[in-house]
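Engineer: The structure follows.
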Amino acid sequence: MSNKNNGRTANALFKTGVYFGLIVWALIVLFPFYWMLLTSVKSYGAYNAESVPAFFTLTPTFENYVYAFTEVPLAKYFLNTLIYTLVTTFLMVVVTVLAAFAFARLNFRGKNLMFTLFLALMMIPYELVIITNFVTIKKLGMDNTFSGLILPSVTSVFYIYLLRENFAQIPDQLYYAAKVDGTTDLKYLRRVMMPISKPTIVTIVILKIIECWNSYVWPRLITSDQNFYLVSNGIQKIREEGFGRENIPAMMAAVVVVSVPLIVLFLVFHKRIMEGVSRGGIKG
């Protein structure tokens, strides 16, 4: 009896230690977001008057948010990012679904070799790919255009691989039965494969939206016209040449505005993301 009690005590202590560690780690991870939000609601004078940083404020203000939108074209950056994100994600989903279907279901000569070579592209450093894309887009005269921003981002080897593995789990008998009934490949893809793989497709869409919203290096290289800046480039421009160099509360307000859409998106769809990734990674 005493062994059971000792075992329960040890188990309880272990769980307590685990939960305590998770709580401490969560506080460490969330603290920068809290500090960013706190600083954004402090007035410029109050922030500069602090000799020791205060961890709370009794007089929050939203003047920094107004300042961030009036001093720089932050709304324009948002619109550009929204256009870039929606168009890129839509085109990428179309390309990914069709490519994954071809590799998972269609039979053609050299398919396995082609897929192997396709996966080998994941081994190429991103820096080499982005240099090639930059030279190509510049030679085509597509710099400082939405086309130049979007086209290099409409394919993803990883997403095609993820969805292909998901498609491959669907029994072949469904495909053969559909072909007997006279169903075309595209109709079978639309009516059968895509609904079954919906969690993975939703996951890919969400991850691509996050990727586009956070995109920095490629837009920084290919755009020098402020009319095509995305939010990431706009924030960097504010930090380098705008009020971000001295008005830290206003800078933090701009960062909060940029970060909130992604945080909300992840909180709403985090279960779908985990479900889609787990479905794509399990075979059988």
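All residue names refer to the structure tokens as shown: chains lettered A, B, ... in order, residues numbered from 1 in each chain, ligands numbered from 1 in order.
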Which residues come within 12 Å of A:Ile83, counting only C-alpha atoms, excluding same-chain residues fewer than 3 positions away, as a PDB file with all heavy atoms, in the first residue's frame?

Structural biologist:
ATOM      1  N   LYS A  76      -1.440  51.518 -46.568  1.00  0.00           N
ATOM      2  CA  LYS A  76      -1.003  51.109 -47.905  1.00  0.00           C
ATOM      3  C   LYS A  76      -0.187  49.833 -47.836  1.00  0.00           C
ATOM      4  O   LYS A  76      -0.342  48.932 -48.664  1.00  0.00           O
ATOM      5  CB  LYS A  76      -0.188  52.241 -48.542  1.00  0.00           C
ATOM      6  CG  LYS A  76       0.403  51.916 -49.911  1.00  0.00           C
ATOM      7  CD  LYS A  76      -0.657  51.742 -50.977  1.00  0.00           C
ATOM      8  CE  LYS A  76      -0.035  51.554 -52.337  1.00  0.00           C
ATOM      9  NZ  LYS A  76      -1.041  51.322 -53.394  1.00  0.00           N
ATOM     10  N   TYR A  77       0.693  49.754 -46.843  1.00  0.00           N
ATOM     11  CA  TYR A  77       1.486  48.537 -46.662  1.00  0.00           C
ATOM     12  C   TYR A  77       0.576  47.336 -46.384  1.00  0.00           C
ATOM     13  O   TYR A  77       0.821  46.231 -46.873  1.00  0.00           O
ATOM     14  CB  TYR A  77       2.469  48.715 -45.499  1.00  0.00           C
ATOM     15  CG  TYR A  77       3.456  49.840 -45.668  1.00  0.00           C
ATOM     16  CD1 TYR A  77       4.062  50.438 -44.558  1.00  0.00           C
ATOM     17  CD2 TYR A  77       3.800  50.329 -46.926  1.00  0.00           C
ATOM     18  CE1 TYR A  77       4.975  51.467 -44.704  1.00  0.00           C
ATOM     19  CE2 TYR A  77       4.702  51.361 -47.078  1.00  0.00           C
ATOM     20  CZ  TYR A  77       5.281  51.934 -45.964  1.00  0.00           C
ATOM     21  OH  TYR A  77       6.180  52.963 -46.111  1.00  0.00           O
ATOM     22  N   PHE A  78      -0.457  47.571 -45.586  1.00  0.00           N
ATOM     23  CA  PHE A  78      -1.411  46.505 -45.278  1.00  0.00           C
ATOM     24  C   PHE A  78      -2.120  46.026 -46.539  1.00  0.00           C
ATOM     25  O   PHE A  78      -2.283  44.815 -46.755  1.00  0.00           O
ATOM     26  CB  PHE A  78      -2.446  46.998 -44.258  1.00  0.00           C
ATOM     27  CG  PHE A  78      -2.183  46.531 -42.865  1.00  0.00           C
ATOM     28  CD1 PHE A  78      -1.457  47.313 -41.987  1.00  0.00           C
ATOM     29  CD2 PHE A  78      -2.654  45.308 -42.423  1.00  0.00           C
ATOM     30  CE1 PHE A  78      -1.206  46.892 -40.700  1.00  0.00           C
ATOM     31  CE2 PHE A  78      -2.407  44.876 -41.138  1.00  0.00           C
ATOM     32  CZ  PHE A  78      -1.686  45.661 -40.260  1.00  0.00           C
ATOM     33  N   LEU A  79      -2.570  46.978 -47.364  1.00  0.00           N
ATOM     34  CA  LEU A  79      -3.279  46.613 -48.593  1.00  0.00           C
ATOM     35  C   LEU A  79      -2.358  45.831 -49.531  1.00  0.00           C
ATOM     36  O   LEU A  79      -2.775  44.810 -50.109  1.00  0.00           O
ATOM     37  CB  LEU A  79      -3.791  47.875 -49.283  1.00  0.00           C
ATOM     38  CG  LEU A  79      -4.544  47.653 -50.609  1.00  0.00           C
ATOM     39  CD1 LEU A  79      -5.780  46.786 -50.379  1.00  0.00           C
ATOM     40  CD2 LEU A  79      -4.927  48.983 -51.238  1.00  0.00           C
ATOM     41  N   ASN A  80      -1.123  46.292 -49.689  1.00  0.00           N
ATOM     42  CA  ASN A  80      -0.164  45.578 -50.530  1.00  0.00           C
ATOM     43  C   ASN A  80       0.068  44.149 -50.020  1.00  0.00           C
ATOM     44  O   ASN A  80       0.107  43.190 -50.803  1.00  0.00           O
ATOM     45  CB  ASN A  80       1.177  46.317 -50.570  1.00  0.00           C
ATOM     46  CG  ASN A  80       1.104  47.622 -51.323  1.00  0.00           C
ATOM     47  OD1 ASN A  80       0.156  47.867 -52.075  1.00  0.00           O
ATOM     48  ND2 ASN A  80       2.087  48.473 -51.130  1.00  0.00           N
ATOM     49  N   LEU A  86      -3.077  37.026 -50.563  1.00  0.00           N
ATOM     50  CA  LEU A  86      -4.233  36.317 -51.116  1.00  0.00           C
ATOM     51  C   LEU A  86      -3.932  35.724 -52.496  1.00  0.00           C
ATOM     52  O   LEU A  86      -4.237  34.557 -52.762  1.00  0.00           O
ATOM     53  CB  LEU A  86      -5.439  37.253 -51.192  1.00  0.00           C
ATOM     54  CG  LEU A  86      -6.008  37.728 -49.851  1.00  0.00           C
ATOM     55  CD1 LEU A  86      -7.192  38.666 -50.080  1.00  0.00           C
ATOM     56  CD2 LEU A  86      -6.438  36.546 -48.990  1.00  0.00           C
ATOM     57  N   VAL A  87      -3.326  36.520 -53.383  1.00  0.00           N
ATOM     58  CA  VAL A  87      -3.041  36.041 -54.739  1.00  0.00           C
ATOM     59  C   VAL A  87      -1.995  34.932 -54.713  1.00  0.00           C
ATOM     60  O   VAL A  87      -2.157  33.888 -55.366  1.00  0.00           O
ATOM     61  CB  VAL A  87      -2.576  37.203 -55.640  1.00  0.00           C
ATOM     62  CG1 VAL A  87      -2.174  36.678 -57.011  1.00  0.00           C
ATOM     63  CG2 VAL A  87      -3.672  38.245 -55.774  1.00  0.00           C
ATOM     64  N   THR A  88      -0.930  35.123 -53.941  1.00  0.00           N
ATOM     65  CA  THR A  88       0.124  34.110 -53.859  1.00  0.00           C
ATOM     66  C   THR A  88      -0.411  32.808 -53.281  1.00  0.00           C
ATOM     67  O   THR A  88      -0.118  31.716 -53.791  1.00  0.00           O
ATOM     68  CB  THR A  88       1.287  34.612 -52.995  1.00  0.00           C
ATOM     69  OG1 THR A  88       1.791  35.831 -53.536  1.00  0.00           O
ATOM     70  CG2 THR A  88       2.412  33.587 -52.948  1.00  0.00           C
ATOM     71  N   THR A  89      -1.203  32.900 -52.226  1.00  0.00           N
ATOM     72  CA  THR A  89      -1.746  31.695 -51.596  1.00  0.00           C
ATOM     73  C   THR A  89      -2.681  30.953 -52.538  1.00  0.00           C
ATOM     74  O   THR A  89      -2.624  29.719 -52.652  1.00  0.00           O
ATOM     75  CB  THR A  89      -2.484  32.058 -50.295  1.00  0.00           C
ATOM     76  OG1 THR A  89      -1.588  32.737 -49.404  1.00  0.00           O
ATOM     77  CG2 THR A  89      -3.028  30.813 -49.613  1.00  0.00           C
ATOM     78  N   PHE A  90      -3.535  31.687 -53.246  1.00  0.00           N
ATOM     79  CA  PHE A  90      -4.464  31.046 -54.185  1.00  0.00           C
ATOM     80  C   PHE A  90      -3.711  30.303 -55.285  1.00  0.00           C
ATOM     81  O   PHE A  90      -3.987  29.126 -55.569  1.00  0.00           O
ATOM     82  CB  PHE A  90      -5.399  32.095 -54.793  1.00  0.00           C
ATOM     83  CG  PHE A  90      -6.276  31.554 -55.886  1.00  0.00           C
ATOM     84  CD1 PHE A  90      -7.382  30.776 -55.597  1.00  0.00           C
ATOM     85  CD2 PHE A  90      -5.972  31.805 -57.224  1.00  0.00           C
ATOM     86  CE1 PHE A  90      -8.187  30.267 -56.613  1.00  0.00           C
ATOM     87  CE2 PHE A  90      -6.762  31.301 -58.240  1.00  0.00           C
ATOM     88  CZ  PHE A  90      -7.876  30.534 -57.931  1.00  0.00           C
ATOM     89  N   THR A 145       6.932  45.298 -59.144  1.00  0.00           N
ATOM     90  CA  THR A 145       5.594  44.929 -59.614  1.00  0.00           C
ATOM     91  C   THR A 145       5.074  43.810 -58.723  1.00  0.00           C
ATOM     92  O   THR A 145       5.855  43.065 -58.107  1.00  0.00           O
ATOM     93  CB  THR A 145       5.605  44.433 -61.074  1.00  0.00           C
ATOM     94  OG1 THR A 145       6.374  43.222 -61.162  1.00  0.00           O
ATOM     95  CG2 THR A 145       6.199  45.474 -62.006  1.00  0.00           C
ATOM     96  N   PHE A 146       3.750  43.683 -58.670  1.00  0.00           N
ATOM     97  CA  PHE A 146       3.168  42.580 -57.906  1.00  0.00           C
ATOM     98  C   PHE A 146       3.490  41.235 -58.550  1.00  0.00           C
ATOM     99  O   PHE A 146       3.642  40.228 -57.860  1.00  0.00           O
ATOM    100  CB  PHE A 146       1.652  42.758 -57.775  1.00  0.00           C
ATOM    101  CG  PHE A 146       1.244  43.718 -56.708  1.00  0.00           C
ATOM    102  CD1 PHE A 146       0.641  44.926 -57.029  1.00  0.00           C
ATOM    103  CD2 PHE A 146       1.477  43.434 -55.370  1.00  0.00           C
ATOM    104  CE1 PHE A 146       0.274  45.822 -56.046  1.00  0.00           C
ATOM    105  CE2 PHE A 146       1.118  44.321 -54.374  1.00  0.00           C
ATOM    106  CZ  PHE A 146       0.508  45.519 -54.706  1.00  0.00           C
ATOM    107  N   SER A 147       3.604  41.225 -59.878  1.00  0.00           N
ATOM    108  CA  SER A 147       3.954  39.978 -60.568  1.00  0.00           C
ATOM    109  C   SER A 147       5.330  39.487 -60.133  1.00  0.00           C
ATOM    110  O   SER A 147       5.534  38.288 -59.878  1.00  0.00           O
ATOM    111  CB  SER A 147       3.938  40.189 -62.083  1.00  0.00           C
ATOM    112  OG  SER A 147       2.654  40.564 -62.533  1.00  0.00           O
ATOM    113  N   LEU A 149       6.775  40.122 -57.328  1.00  0.00           N
ATOM    114  CA  LEU A 149       6.677  39.683 -55.949  1.00  0.00           C
ATOM    115  C   LEU A 149       6.073  38.287 -55.837  1.00  0.00           C
ATOM    116  O   LEU A 149       6.528  37.446 -55.059  1.00  0.00           O
ATOM    117  CB  LEU A 149       5.815  40.664 -55.147  1.00  0.00           C
ATOM    118  CG  LEU A 149       6.475  41.923 -54.587  1.00  0.00           C
ATOM    119  CD1 LEU A 149       5.408  42.872 -54.054  1.00  0.00           C
ATOM    120  CD2 LEU A 149       7.457  41.564 -53.477  1.00  0.00           C
ATOM    121  N   ILE A 150       5.041  38.034 -56.656  1.00  0.00           N
ATOM    122  CA  ILE A 150       4.211  36.846 -56.475  1.00  0.00           C
ATOM    123  C   ILE A 150       4.787  35.601 -57.150  1.00  0.00           C
ATOM    124  O   ILE A 150       4.843  34.525 -56.535  1.00  0.00           O
ATOM    125  CB  ILE A 150       2.785  37.132 -56.993  1.00  0.00           C
ATOM    126  CG1 ILE A 150       2.096  38.163 -56.104  1.00  0.00           C
ATOM    127  CG2 ILE A 150       1.966  35.846 -57.072  1.00  0.00           C
ATOM    128  CD1 ILE A 150       0.813  38.712 -56.679  1.00  0.00           C
ATOM    129  N   ILE A 209      -0.203  31.662 -45.756  1.00  0.00           N
ATOM    130  CA  ILE A 209      -0.605  33.025 -45.379  1.00  0.00           C
ATOM    131  C   ILE A 209       0.400  33.611 -44.387  1.00  0.00           C
ATOM    132  O   ILE A 209       0.847  34.762 -44.528  1.00  0.00           O
ATOM    133  CB  ILE A 209      -2.026  33.023 -44.789  1.00  0.00           C
ATOM    134  CG1 ILE A 209      -3.054  32.750 -45.890  1.00  0.00           C
ATOM    135  CG2 ILE A 209      -2.325  34.352 -44.100  1.00  0.00           C
ATOM    136  CD1 ILE A 209      -4.466  32.595 -45.382  1.00  0.00           C
ATOM    137  N   CYS A 212       3.658  34.374 -46.232  1.00  0.00           N
ATOM    138  CA  CYS A 212       3.571  35.585 -47.059  1.00  0.00           C
ATOM    139  C   CYS A 212       3.549  36.834 -46.201  1.00  0.00           C
ATOM    140  O   CYS A 212       4.193  37.840 -46.528  1.00  0.00           O
ATOM    141  CB  CYS A 212       2.328  35.526 -47.946  1.00  0.00           C
ATOM    142  SG  CYS A 212       2.398  34.293 -49.267  1.00  0.00           S
ATOM    143  N   TRP A 213       2.806  36.780 -45.105  1.00  0.00           N
ATOM    144  CA  TRP A 213       2.679  37.970 -44.248  1.00  0.00           C
ATOM    145  C   TRP A 213       4.026  38.334 -43.624  1.00  0.00           C
ATOM    146  O   TRP A 213       4.332  39.514 -43.436  1.00  0.00           O
ATOM    147  CB  TRP A 213       1.643  37.717 -43.159  1.00  0.00           C
ATOM    148  CG  TRP A 213       1.176  38.958 -42.484  1.00  0.00           C
ATOM    149  CD1 TRP A 213       1.709  39.544 -41.380  1.00  0.00           C
ATOM    150  CD2 TRP A 213       0.076  39.791 -42.878  1.00  0.00           C
ATOM    151  NE1 TRP A 213       1.010  40.682 -41.043  1.00  0.00           N
ATOM    152  CE2 TRP A 213      -0.001  40.850 -41.953  1.00  0.00           C
ATOM    153  CE3 TRP A 213      -0.858  39.723 -43.919  1.00  0.00           C
ATOM    154  CZ2 TRP A 213      -0.961  41.845 -42.044  1.00  0.00           C
ATOM    155  CZ3 TRP A 213      -1.815  40.720 -43.998  1.00  0.00           C
ATOM    156  CH2 TRP A 213      -1.867  41.763 -43.069  1.00  0.00           C
ATOM    157  N   PHE A 228       5.008  49.559 -53.403  1.00  0.00           N
ATOM    158  CA  PHE A 228       4.912  48.101 -53.406  1.00  0.00           C
ATOM    159  C   PHE A 228       5.476  47.483 -52.126  1.00  0.00           C
ATOM    160  O   PHE A 228       5.664  46.278 -52.069  1.00  0.00           O
ATOM    161  CB  PHE A 228       5.630  47.514 -54.633  1.00  0.00           C
ATOM    162  CG  PHE A 228       5.009  47.895 -55.933  1.00  0.00           C
ATOM    163  CD1 PHE A 228       5.491  48.979 -56.658  1.00  0.00           C
ATOM    164  CD2 PHE A 228       3.925  47.194 -56.437  1.00  0.00           C
ATOM    165  CE1 PHE A 228       4.911  49.339 -57.866  1.00  0.00           C
ATOM    166  CE2 PHE A 228       3.343  47.555 -57.639  1.00  0.00           C
ATOM    167  CZ  PHE A 228       3.833  48.626 -58.361  1.00  0.00           C
ATOM    168  N   TYR A 229       5.702  48.311 -51.114  1.00  0.00           N
ATOM    169  CA  TYR A 229       6.228  47.791 -49.850  1.00  0.00           C
ATOM    170  C   TYR A 229       5.177  46.921 -49.155  1.00  0.00           C
ATOM    171  O   TYR A 229       3.977  47.245 -49.164  1.00  0.00           O
ATOM    172  CB  TYR A 229       6.607  48.931 -48.916  1.00  0.00           C
ATOM    173  CG  TYR A 229       7.986  49.497 -49.162  1.00  0.00           C
ATOM    174  CD1 TYR A 229       8.790  49.020 -50.184  1.00  0.00           C
ATOM    175  CD2 TYR A 229       8.481  50.518 -48.364  1.00  0.00           C
ATOM    176  CE1 TYR A 229      10.050  49.550 -50.413  1.00  0.00           C
ATOM    177  CE2 TYR A 229       9.745  51.054 -48.586  1.00  0.00           C
ATOM    178  CZ  TYR A 229      10.515  50.559 -49.617  1.00  0.00           C
ATOM    179  OH  TYR A 229      11.762  51.086 -49.844  1.00  0.00           O
ATOM    180  N   LEU A 230       5.637  45.850 -48.541  1.00  0.00           N
ATOM    181  CA  LEU A 230       4.785  45.047 -47.668  1.00  0.00           C
ATOM    182  C   LEU A 230       4.989  45.521 -46.229  1.00  0.00           C
ATOM    183  O   LEU A 230       5.856  46.344 -45.951  1.00  0.00           O
ATOM    184  CB  LEU A 230       5.139  43.563 -47.797  1.00  0.00           C
ATOM    185  CG  LEU A 230       5.109  42.973 -49.205  1.00  0.00           C
ATOM    186  CD1 LEU A 230       5.363  41.471 -49.160  1.00  0.00           C
ATOM    187  CD2 LEU A 230       3.803  43.274 -49.914  1.00  0.00           C
ATOM    188  N   VAL A 231       4.196  44.976 -45.305  1.00  0.00           N
ATOM    189  CA  VAL A 231       4.262  45.468 -43.922  1.00  0.00           C
ATOM    190  C   VAL A 231       5.643  45.235 -43.316  1.00  0.00           C
ATOM    191  O   VAL A 231       6.144  46.057 -42.551  1.00  0.00           O
ATOM    192  CB  VAL A 231       3.178  44.812 -43.049  1.00  0.00           C
ATOM    193  CG1 VAL A 231       1.804  45.342 -43.391  1.00  0.00           C
ATOM    194  CG2 VAL A 231       3.214  43.292 -43.169  1.00  0.00           C
TER     195      VAL A 231
END

Engineer: Contacts of A:Thr59 at 10 Å or less, counting only C-alpha atoms, minus same-chain residues fewer than 6 places along, as number ranges by chain?

Structural biologist: A: 41-43, 46

Engineer: How many Å lie between atom CA of A:Val258 and atom CA of A:Ala75, rounded to one decimal?

Structural biologist: 10.4 Å

Engineer: Nearest to A:Phe158: which of A:Ile204, A:Leu38, A:Ile238, A:Ile137 is it, counting only C-alpha atoms?

Structural biologist: A:Ile204

Engineer: Could you tell me which of A:Ala104, A:Ser40, A:Phe243, A:Ile28 comes closest to A:Tyr175 if we count only C-alpha atoms?

Structural biologist: A:Ala104

Engineer: Residues at most 8 Å from A:Val256, counting only C-alpha atoms, excluding those fewer than 3 positions away in the same chain, as a list in words?

Structural biologist: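 The contact residues come out as Met36, Leu37, Ser40, Met252, Ala253, Ser259 and Val260 of chain A.
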
Engineer: For the residues in that selection, give me C-alpha atoms as a PDB file, in the first residue's frame.

Structural biologist:
ATOM      1  CA  MET A  36       5.600  45.147 -27.026  1.00  0.00           C
ATOM      2  CA  LEU A  37       1.918  45.727 -26.204  1.00  0.00           C
ATOM      3  CA  SER A  40       2.715  50.677 -27.444  1.00  0.00           C
ATOM      4  CA  MET A 252       5.833  49.275 -31.053  1.00  0.00           C
ATOM      5  CA  ALA A 253       2.287  50.304 -31.946  1.00  0.00           C
ATOM      6  CA  SER A 259       1.432  41.164 -35.590  1.00  0.00           C
ATOM      7  CA  VAL A 260      -2.207  40.956 -34.468  1.00  0.00           C
TER       8      VAL A 260
END

Engineer: Using only C-alpha atoms, which residues sit within 9 Å of A:Ala254 once same-chain residues fewer than 6 positions away are excluded, as a short mmCIF file (atom, residue, chain, number, x, y, z; two decimals) with N, CA and C atoms, in the first residue's frame?

Structural biologist:
data_model
loop_
_atom_site.label_atom_id
_atom_site.label_comp_id
_atom_site.auth_asym_id
_atom_site.auth_seq_id
_atom_site.Cartn_x
_atom_site.Cartn_y
_atom_site.Cartn_z
N SER A 40 3.53 50.00 -26.44
CA SER A 40 2.71 50.68 -27.44
C SER A 40 1.63 51.56 -26.85
N ASN A 64 -0.31 56.49 -29.95
CA ASN A 64 0.77 55.90 -30.76
C ASN A 64 0.23 55.18 -31.99
N TYR A 65 -0.93 54.56 -31.86
CA TYR A 65 -1.54 53.86 -32.99
C TYR A 65 -2.00 54.86 -34.05
N ALA A 68 1.09 56.14 -35.77
CA ALA A 68 1.69 55.16 -36.69
C ALA A 68 0.98 55.15 -38.04
N PHE A 69 -0.35 55.38 -38.03
CA PHE A 69 -1.10 55.35 -39.29
C PHE A 69 -1.07 56.68 -40.02
N LEU A 74 0.98 53.24 -43.47
CA LEU A 74 0.85 51.89 -42.95
C LEU A 74 -0.34 51.16 -43.56
N ILE A 235 7.80 48.30 -41.92
CA ILE A 235 8.27 48.40 -40.54
C ILE A 235 9.78 48.66 -40.50
#

Engineer: Of the residues A:Thr9, A:Thr81, A:Ser232, A:Ser156, which is the one nearest to A:Val255, using only C-alpha atoms?

Structural biologist: A:Ser232

Engineer: Would you please give, as a VMD selection string, all residues of stretch 31-256 of chain A that DSSP assigns to alpha helix (DSSP H) based on the backbone?

Structural biologist: chain A and resid 31 to 40 44 to 49 63 to 71 74 to 104 111 to 120 126 to 139 146 to 150 157 to 168 172 to 180 185 to 188 194 to 196 198 to 213 217 to 222 231 to 241 248 to 256

Engineer: Pick out the residues sitting within 10 Å of A:Val97, and hand them over as an mmCIF file with C-alpha atoms, in the first residue's frame; count only C-alpha atoms, and ignore anything fewer than 2 positions along from it in its own chain.

Structural biologist:
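Written out: selection.cif:
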data_model
loop_
_atom_site.group_PDB
_atom_site.id
_atom_site.type_symbol
_atom_site.label_atom_id
_atom_site.label_comp_id
_atom_site.auth_asym_id
_atom_site.auth_seq_id
_atom_site.Cartn_x
_atom_site.Cartn_y
_atom_site.Cartn_z
ATOM 1 C CA MET A 92 0.184 28.220 -54.716
ATOM 2 C CA VAL A 93 -2.782 26.068 -53.661
ATOM 3 C CA VAL A 94 -3.758 25.473 -57.302
ATOM 4 C CA VAL A 95 -0.200 24.479 -58.251
ATOM 5 C CA ALA A 99 1.218 18.645 -58.683
ATOM 6 C CA ALA A 100 0.429 16.500 -55.637
ATOM 7 C CA PHE A 101 -2.390 14.768 -57.537
ATOM 8 C CA ALA A 102 -0.091 14.007 -60.472
ATOM 9 C CA TYR A 159 3.800 21.636 -49.477
ATOM 10 C CA ILE A 160 3.588 19.468 -52.600
ATOM 11 C CA LEU A 163 -0.142 16.960 -49.804
ATOM 12 C CA ARG A 164 1.153 14.175 -52.046
ATOM 13 C CA PHE A 167 -3.317 11.971 -51.315
ATOM 14 C CA LEU A 189 -9.755 15.335 -57.541
ATOM 15 C CA ARG A 190 -12.403 17.949 -56.807
ATOM 16 C CA MET A 193 -9.510 13.741 -52.942
ATOM 17 C CA MET A 194 -9.783 17.387 -51.943
ATOM 18 C CA ILE A 201 -5.134 21.766 -47.558
#

Engineer: Between A:Thr39, A:Asn166, A:Asn11, A:Lys237, which is the closest to A:Pro53 once you count only C-alpha atoms?

Structural biologist: A:Thr39

Engineer: For A:Arg220, which residue among A:Ile170, A:Ile130, A:Ile206, A:Leu186 is the nearest when counting only C-alpha atoms?

Structural biologist: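 Answer, going by the shortest atom-to-atom distance: A:Ile130.
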
Engineer: Atom CA of A:Pro249 and atom CA of A:Tyr44 are how many Å apart?

Structural biologist: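 Atom-to-atom, atom CA of A:Pro249 and atom CA of A:Tyr44 are spaced 6.3 Å apart.
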
Engineer: For A:Ile248, which residue among A:Phe103, A:Asn48, A:Tyr19, A:Leu30 is the nearest when counting only C-alpha atoms?

Structural biologist: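 Counting only C-alpha atoms, the residue closest to A:Ile248 is A:Asn48.
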